[in-house]
Amino acid sequence: MTSHSLPQLLSLRDIAAWQFPQLAQNMANQRPPIVAAIPSLQRGAVWKPQQVELLWDSILRGFPIGALVVSPLLERQKSRPGKHGTGWADEHICHHLLDGQQRCNAIALGFLDPFSAPDSDPEQTLWLDLHPQPYFAANSSRAFLLRLCTSAHPWGYGTQDELECLSAHQVRQALHEDYRWPLQPQDDAYQRPRPKDSWPHKAGVPVPLAWLLQCADQGAGLWDALRARLAQHFELATLHERHWARKADQWLQQADRDALADLAQALHATANVRIVALSVAPGALARSTRQEQTPVPDAEPGEQRIANVEHLFQRLNAGGTELRGDELLYSMIKAYWPGIEASIDRLPRKPPATQVALLGTRVTLSDAGKPRGPLSVSQLRSIAHPAASPNLAVHQQEQQRIAHMFDLGQSAGPDGAEITRILAVVDSWLLYDAKSNPNGLPPVLRSHLADKCPEMFFFLMLVARASLQTPIVPRHAKTVRQRLLGLASAVHWFGVDAPAAVRKLWSMGAAEDWLKPQTFIGVLEQLKDLGENRSGIVNLRSPKGLAKIIEKPTEDTLQDWRWWDTLIADPDDEDKEDKRHALYWPLLEKLPYSQPLLMYAQRAWMAQRFGDYDPHASGFWDEHNRPWDFDHILPQSHFTKKRNTEYMKVCQQWGYTIGNLHILRFEENRARQDQPATDSIPDSYVELACLRDGSKDLRPAFSLEKDDVRGRSDEERDRVLGFVCAARTRLLRMYQDWYEALDIEPMLQRNN
């Protein structure tokens, strides 16, 4: 069997060596039987931690984990390594991996040694618990307890088969008792430990799986080899008793080796595991397709047709169901212009890669004053294969423009590709910087704008491209930046129909017009009414106007205060209620619960605590991976599950709004143990948390006693009234901060 003949049986080490070539040093040919890489058209989806752990549980139990699907190298496709290693040079790669990317990443992770070099700093480490019995979840299907630690969760996850994050209390316990971390979450300079400095919390005797696999390769003396490795890497006597290495050494000295026989046998057996790699028949990718009836120019006989590759990839990765929406379009763009992914990867910082590709492609295809609409599958195919289209010359030019935008020829000058320069301008407008742009957004909100409101981000990219040709007049630069950010955030956070709102913007001026302050006059007022009973955004008001709408409770109205019943409903006049509903309710449905507005109000705090954290840049977009939490200032327990109370409902009405929320590190949450704000929130945090009204400290107003909601006395009523008024004040302050910082006032002027 030659090195390229398939099907092929591969060991776990063979597969891991695709990412870690050093693992092949002891192989007969210094190379696995085949060397596969990821083609650029592949999606970059990441398995959840439990999927990685359960895969290795299956491997150790001898369960089959399915075949891989590969093909000979795909023409016009770039190769990239997997998630964890650098991979091989192009001349050594003979195949592309079409199905099994996540399994291969998980297998490679088992061979990733976090202590392979003094400067190693992996994003993830996989551990195996040698003494897991006390920590198995009651309903878990696991036989072996694998635990994954990541940079987002260096303390590991729970032991359920489904994703289970540790509580903030457990995290603080791990920091204090396990890692003896020098700084705790409440300290200003605190930083999370890295995976190399941590190990799974609530574990018996965790050991890196890579060490166990390496020691198992040395023969029968697995446990003696492990103890020798521990002594080689650590001064065991100097470690505290809860350090994983010391626990492992002490436990191995005392453990019944017979009790470890099953685990040792499973580890030794991994060397004999073989996984089948199936190959796509060469002719399958060369057949003519309905989508490509016209021959591809300069195609060689038998050359792979991209439509075949595209369809095969979709069906392998979606269980027979084709990909849809943006994911399908991004996959096609990567297939037709394979260098795009590498170009995006070279960006110093970026919003979601999918939107960079899709919106960047639309930007380059937009002529002056004519923004290109969302692209369809057929349009992309026509551009990629212009010979199949009656508009040959047009599509050939478009193909070249896309290649230029992303610098696929890598001929850009020192300023980088056009997409790089455009996004740099957008970032200079949007991103927070304490000195140069103190009114900017935290990076997470920039990425959220691109991901959830792409038409608005597309608008900004086109305006940025225009600014590269016609720079903003210096004396207008600050005003234009403020208003662009104000306009973008208004459409995103308070939009009713964002795509329609952006279409309206294009009718008001071309891209270069939005580089002038006067273009913004009255723009938000116009977006409120798009005609035919359609709105682009809600009916935004001035801070004073908003304060009039959100009536301040009094002693008499406090008990019955409700957002709808107090501010909208009118049992005596149905017409008046309908009018108030149309004018005010769309705003009141969004504003009190707008987490982006809260994050903007605490932008300086987020910059101090979380720096440039951007979930899209780091690969952690799941909500549970963010490093912060939204915490109730007046604890939730004060206004829930109480009977016979006069003021529980009004406290709930305000308790669940951003007026009663603040942002803090995830590890800090619940550390207060329902302590009042006056005791648990430090003086240094008052301004950053919007807990000051002029010279007045608002913390006492958020420090109710639990029984105050019962309203048995005037004093209790007054304290509840103080809380509600303080939450209202804080909500209005957040809105006012956004309104003034981003120069919203001129954009709400009525045109005469």
# chains A, B, ... in the order shown; residues from 1 in each chain; ligands from 1

$ select_by_dssp --residues "region 39-195 of chain A" --states "helix (DSSP H, G or I)" --output "PyMOL selection string"
chain A and resi 49-60+90-92+101-110+133-135+168-178+195

$ residues_around --residues "region 538-548 of chain A" --least-positions-apart "2" --cutoff "6 Å" --atoms "only C-alpha atoms" --output "count of residues only"
7

$ residues_around --residues "Gln396 (chain A)" --least-positions-apart "3" --cutoff "10 Å" --atoms "only C-alpha atoms" --output "tab-separated table (two decimals) with N, CA, C and O atoms, in the first residue's frame"
chain	number	residue	atom	x	y	z
A	382	SER	N	-21.67	33.01	-10.72
A	382	SER	CA	-21.44	33.73	-11.97
A	382	SER	C	-20.15	34.52	-11.93
A	382	SER	O	-19.41	34.59	-12.92
A	383	ILE	N	-19.86	35.13	-10.76
A	383	ILE	CA	-18.62	35.90	-10.63
A	383	ILE	C	-17.41	34.96	-10.65
A	383	ILE	O	-16.39	35.25	-11.27
A	384	ALA	N	-17.56	33.82	-9.97
A	384	ALA	CA	-16.44	32.88	-9.88
A	384	ALA	C	-16.16	32.21	-11.22
A	384	ALA	O	-15.02	31.88	-11.54
A	385	HIS	N	-17.23	31.98	-12.03
A	385	HIS	CA	-17.10	31.34	-13.34
A	385	HIS	C	-17.72	32.23	-14.40
A	385	HIS	O	-18.80	31.96	-14.92
A	386	PRO	N	-17.07	33.32	-14.73
A	386	PRO	CA	-17.67	34.30	-15.66
A	386	PRO	C	-17.96	33.72	-17.03
A	386	PRO	O	-18.85	34.20	-17.72
A	387	ALA	N	-17.24	32.66	-17.44
A	387	ALA	CA	-17.48	32.09	-18.77
A	387	ALA	C	-18.87	31.49	-18.87
A	387	ALA	O	-19.40	31.32	-19.96
A	389	SER	N	-21.49	32.90	-17.77
A	389	SER	CA	-22.45	33.99	-17.68
A	389	SER	C	-22.45	34.81	-18.97
A	389	SER	O	-21.40	34.98	-19.61
A	391	ASN	N	-22.67	37.89	-19.02
A	391	ASN	CA	-21.96	39.14	-18.69
A	391	ASN	C	-20.50	38.83	-18.38
A	391	ASN	O	-20.00	39.10	-17.29
A	392	LEU	N	-19.83	38.24	-19.35
A	392	LEU	CA	-18.46	37.76	-19.14
A	392	LEU	C	-17.54	38.86	-18.66
A	392	LEU	O	-16.86	38.72	-17.64
A	393	ALA	N	-17.49	39.98	-19.35
A	393	ALA	CA	-16.54	41.04	-19.01
A	393	ALA	C	-16.81	41.62	-17.63
A	393	ALA	O	-15.89	41.88	-16.85
A	399	GLN	N	-14.51	39.60	-10.39
A	399	GLN	CA	-13.63	38.59	-9.84
A	399	GLN	C	-12.28	39.20	-9.45
A	399	GLN	O	-11.74	38.93	-8.37
A	400	GLN	N	-11.76	40.03	-10.32
A	400	GLN	CA	-10.47	40.68	-10.07
A	400	GLN	C	-10.57	41.68	-8.91
A	400	GLN	O	-9.64	41.81	-8.11
A	401	ARG	N	-11.71	42.36	-8.81
A	401	ARG	CA	-11.88	43.34	-7.73
A	401	ARG	C	-11.91	42.65	-6.36
A	401	ARG	O	-11.37	43.17	-5.39

$ select_by_dssp --residues "region 329-522 of chain A" --states "strand (DSSP E or B)" --output "MDAnalysis selection string"
chainID A and resid 367 370 431 433 437 441 495

$ write_last_selection --atoms "C-alpha atoms" --output "compact mmCIF listing (two decimals), in the first residue's frame"
# COMPACT_ATOMS: atom_id res chain seq x y z
CA ASP A 367 -19.94 51.31 -7.33
CA LYS A 370 -24.76 52.21 -5.69
CA LEU A 431 -13.66 51.24 19.26
CA ASP A 433 -9.75 54.12 23.60
CA ASN A 437 -11.84 57.74 21.58
CA LEU A 441 -17.56 50.92 21.98
CA GLY A 495 -33.94 49.56 15.36

$ residues_around --residues "region 351-357 of chain A" --least-positions-apart "6" --cutoff "8 Å" --atoms "only C-alpha atoms" --output "PyMOL selection string"
chain A and resi 326-327+330+333+340+344+446-447+450-451+454+616-617

$ residues_around --residues "Asn533 (chain A)" --least-positions-apart "5" --cutoff "12 Å" --atoms "only C-alpha atoms" --output "PDB file with N, CA, C and O atoms, in the first residue's frame"
ATOM      1  N   VAL A 496     -36.133  49.074  14.485  1.00  0.00           N
ATOM      2  CA  VAL A 496     -37.344  48.298  14.241  1.00  0.00           C
ATOM      3  C   VAL A 496     -37.166  47.480  12.966  1.00  0.00           C
ATOM      4  O   VAL A 496     -37.487  46.294  12.921  1.00  0.00           O
ATOM      5  N   ASP A 497     -36.625  48.093  11.939  1.00  0.00           N
ATOM      6  CA  ASP A 497     -36.314  47.421  10.681  1.00  0.00           C
ATOM      7  C   ASP A 497     -34.986  47.998  10.194  1.00  0.00           C
ATOM      8  O   ASP A 497     -34.948  48.957   9.423  1.00  0.00           O
ATOM      9  N   LEU A 527     -35.690  58.487  10.121  1.00  0.00           N
ATOM     10  CA  LEU A 527     -35.752  57.027  10.192  1.00  0.00           C
ATOM     11  C   LEU A 527     -36.930  56.528  11.016  1.00  0.00           C
ATOM     12  O   LEU A 527     -37.300  55.352  10.930  1.00  0.00           O
ATOM     13  N   LYS A 528     -37.522  57.407  11.814  1.00  0.00           N
ATOM     14  CA  LYS A 528     -38.680  56.987  12.611  1.00  0.00           C
ATOM     15  C   LYS A 528     -39.867  56.637  11.730  1.00  0.00           C
ATOM     16  O   LYS A 528     -40.662  55.753  12.066  1.00  0.00           O
ATOM     17  N   ALA A 582     -48.446  53.761  20.336  1.00  0.00           N
ATOM     18  CA  ALA A 582     -47.699  53.976  19.097  1.00  0.00           C
ATOM     19  C   ALA A 582     -46.481  54.870  19.314  1.00  0.00           C
ATOM     20  O   ALA A 582     -45.417  54.645  18.727  1.00  0.00           O
TER      21      ALA A 582
END

$ residues_around --residues "region 249-251 of chain A" --least-positions-apart "3" --cutoff "8 Å" --atoms "only C-alpha atoms" --output "MDAnalysis selection string"
chainID A and resid 205 227 230 245:246 254:255

$ closest_residue --among "A:Ile275, A:Glu667, A:Leu74, A:Leu462" --to "Arg372 (chain A)" --atoms "only C-alpha atoms"
A:Leu462

$ residues_around --residues "Leu524 (chain A)" --least-positions-apart "4" --cutoff "8 Å" --atoms "only C-alpha atoms" --output "ChimeraX atom specification"
/A:487,528,537,747-748

$ write_last_selection --atoms "N, CA, C and O atoms" --output "compact mmCIF listing (two decimals), in the first residue's frame"
# COMPACT_ATOMS: atom_id res chain seq x y z
N LEU A 487 -25.31 57.14 15.10
CA LEU A 487 -26.25 56.62 14.11
C LEU A 487 -26.23 55.10 14.11
O LEU A 487 -27.28 54.45 14.12
N LYS A 528 -37.52 57.41 11.81
CA LYS A 528 -38.68 56.99 12.61
C LYS A 528 -39.87 56.64 11.73
O LYS A 528 -40.66 55.75 12.07
N ILE A 537 -36.55 52.95 13.11
CA ILE A 537 -36.13 52.90 14.51
C ILE A 537 -37.31 53.33 15.37
O ILE A 537 -38.31 53.86 14.87
N MET A 747 -29.28 64.93 15.33
CA MET A 747 -29.84 63.91 14.45
C MET A 747 -31.33 63.69 14.69
O MET A 747 -32.00 63.00 13.91
N LEU A 748 -31.87 64.28 15.78
CA LEU A 748 -33.30 64.19 16.06
C LEU A 748 -34.04 65.48 15.73
O LEU A 748 -35.23 65.60 16.03

$ closest_residue --among "A:Phe63, A:Tyr135, A:Trp429, A:Phe144" --to "Val273 (chain A)" --atoms "only C-alpha atoms"
A:Phe63

$ closest_residue --among "A:Lys576, A:Cys149, A:Gln218, A:Thr86" --to "Pro21 (chain A)" --atoms "only C-alpha atoms"
A:Thr86

$ decode --residues "region 332-406 of chain A" --atoms "C-alpha atoms" --output "PDB file, in the first residue's frame"
ATOM      1  CA  MET A 332     -18.636  29.415  -1.223  1.00  0.00           C
ATOM      2  CA  ILE A 333     -16.486  32.540  -1.068  1.00  0.00           C
ATOM      3  CA  LYS A 334     -13.702  30.547   0.593  1.00  0.00           C
ATOM      4  CA  ALA A 335     -14.079  27.841  -2.043  1.00  0.00           C
ATOM      5  CA  TYR A 336     -13.968  30.215  -5.001  1.00  0.00           C
ATOM      6  CA  TRP A 337     -11.356  32.617  -3.559  1.00  0.00           C
ATOM      7  CA  PRO A 338      -9.346  30.318  -1.268  1.00  0.00           C
ATOM      8  CA  GLY A 339      -6.860  32.962  -0.164  1.00  0.00           C
ATOM      9  CA  ILE A 340      -9.559  35.038   1.517  1.00  0.00           C
ATOM     10  CA  GLU A 341      -9.439  33.127   4.789  1.00  0.00           C
ATOM     11  CA  ALA A 342      -5.692  33.701   5.137  1.00  0.00           C
ATOM     12  CA  SER A 343      -6.177  37.373   4.315  1.00  0.00           C
ATOM     13  CA  ILE A 344      -8.803  37.696   7.058  1.00  0.00           C
ATOM     14  CA  ASP A 345      -6.578  35.824   9.501  1.00  0.00           C
ATOM     15  CA  ARG A 346      -3.851  38.413   8.905  1.00  0.00           C
ATOM     16  CA  LEU A 347      -6.073  41.250  10.107  1.00  0.00           C
ATOM     17  CA  PRO A 348      -4.733  42.594  13.414  1.00  0.00           C
ATOM     18  CA  ARG A 349      -8.253  42.646  14.884  1.00  0.00           C
ATOM     19  CA  LYS A 350     -11.536  42.028  13.207  1.00  0.00           C
ATOM     20  CA  PRO A 351     -15.254  41.474  13.592  1.00  0.00           C
ATOM     21  CA  PRO A 352     -16.674  38.019  12.745  1.00  0.00           C
ATOM     22  CA  ALA A 353     -14.802  36.464   9.813  1.00  0.00           C
ATOM     23  CA  THR A 354     -18.051  35.520   8.076  1.00  0.00           C
ATOM     24  CA  GLN A 355     -19.148  39.153   7.922  1.00  0.00           C
ATOM     25  CA  VAL A 356     -15.681  40.388   6.954  1.00  0.00           C
ATOM     26  CA  ALA A 357     -15.843  38.115   3.906  1.00  0.00           C
ATOM     27  CA  LEU A 358     -19.472  38.761   2.962  1.00  0.00           C
ATOM     28  CA  LEU A 359     -19.506  42.504   3.601  1.00  0.00           C
ATOM     29  CA  GLY A 360     -16.022  43.017   2.204  1.00  0.00           C
ATOM     30  CA  THR A 361     -17.115  41.305  -1.008  1.00  0.00           C
ATOM     31  CA  ARG A 362     -20.184  43.541  -1.240  1.00  0.00           C
ATOM     32  CA  VAL A 363     -18.086  46.643  -0.587  1.00  0.00           C
ATOM     33  CA  THR A 364     -15.707  45.892  -3.422  1.00  0.00           C
ATOM     34  CA  LEU A 365     -18.631  45.236  -5.795  1.00  0.00           C
ATOM     35  CA  SER A 366     -20.374  48.499  -4.867  1.00  0.00           C
ATOM     36  CA  ASP A 367     -19.935  51.307  -7.330  1.00  0.00           C
ATOM     37  CA  ALA A 368     -20.015  54.938  -6.245  1.00  0.00           C
ATOM     38  CA  GLY A 369     -23.495  55.751  -4.989  1.00  0.00           C
ATOM     39  CA  LYS A 370     -24.763  52.210  -5.692  1.00  0.00           C
ATOM     40  CA  PRO A 371     -24.389  49.929  -2.672  1.00  0.00           C
ATOM     41  CA  ARG A 372     -24.425  46.264  -3.653  1.00  0.00           C
ATOM     42  CA  GLY A 373     -27.225  44.260  -2.064  1.00  0.00           C
ATOM     43  CA  PRO A 374     -26.772  40.865  -0.364  1.00  0.00           C
ATOM     44  CA  LEU A 375     -25.233  38.334  -2.721  1.00  0.00           C
ATOM     45  CA  SER A 376     -26.982  35.135  -3.777  1.00  0.00           C
ATOM     46  CA  VAL A 377     -25.524  31.719  -4.507  1.00  0.00           C
ATOM     47  CA  SER A 378     -26.098  32.142  -8.237  1.00  0.00           C
ATOM     48  CA  GLN A 379     -24.436  35.575  -8.273  1.00  0.00           C
ATOM     49  CA  LEU A 380     -21.327  34.199  -6.580  1.00  0.00           C
ATOM     50  CA  ARG A 381     -21.133  31.328  -9.047  1.00  0.00           C
ATOM     51  CA  SER A 382     -21.445  33.728 -11.971  1.00  0.00           C
ATOM     52  CA  ILE A 383     -18.617  35.897 -10.634  1.00  0.00           C
ATOM     53  CA  ALA A 384     -16.439  32.882  -9.883  1.00  0.00           C
ATOM     54  CA  HIS A 385     -17.097  31.336 -13.336  1.00  0.00           C
ATOM     55  CA  PRO A 386     -17.666  34.300 -15.658  1.00  0.00           C
ATOM     56  CA  ALA A 387     -17.478  32.090 -18.768  1.00  0.00           C
ATOM     57  CA  ALA A 388     -20.792  30.566 -17.710  1.00  0.00           C
ATOM     58  CA  SER A 389     -22.454  33.995 -17.683  1.00  0.00           C
ATOM     59  CA  PRO A 390     -23.639  36.230 -20.540  1.00  0.00           C
ATOM     60  CA  ASN A 391     -21.964  39.135 -18.689  1.00  0.00           C
ATOM     61  CA  LEU A 392     -18.465  37.757 -19.140  1.00  0.00           C
ATOM     62  CA  ALA A 393     -16.539  41.038 -19.009  1.00  0.00           C
ATOM     63  CA  VAL A 394     -18.462  42.377 -16.005  1.00  0.00           C
ATOM     64  CA  HIS A 395     -17.978  39.234 -13.954  1.00  0.00           C
ATOM     65  CA  GLN A 396     -14.314  38.950 -14.868  1.00  0.00           C
ATOM     66  CA  GLN A 397     -13.791  42.469 -13.581  1.00  0.00           C
ATOM     67  CA  GLU A 398     -15.743  41.680 -10.393  1.00  0.00           C
ATOM     68  CA  GLN A 399     -13.631  38.586  -9.836  1.00  0.00           C
ATOM     69  CA  GLN A 400     -10.470  40.680 -10.065  1.00  0.00           C
ATOM     70  CA  ARG A 401     -11.882  43.343  -7.732  1.00  0.00           C
ATOM     71  CA  ILE A 402     -12.576  40.744  -5.032  1.00  0.00           C
ATOM     72  CA  ALA A 403      -9.043  39.402  -5.365  1.00  0.00           C
ATOM     73  CA  HIS A 404      -7.706  42.961  -5.026  1.00  0.00           C
ATOM     74  CA  MET A 405      -9.870  43.785  -1.984  1.00  0.00           C
ATOM     75  CA  PHE A 406      -8.433  40.831  -0.045  1.00  0.00           C
TER      76      PHE A 406
END
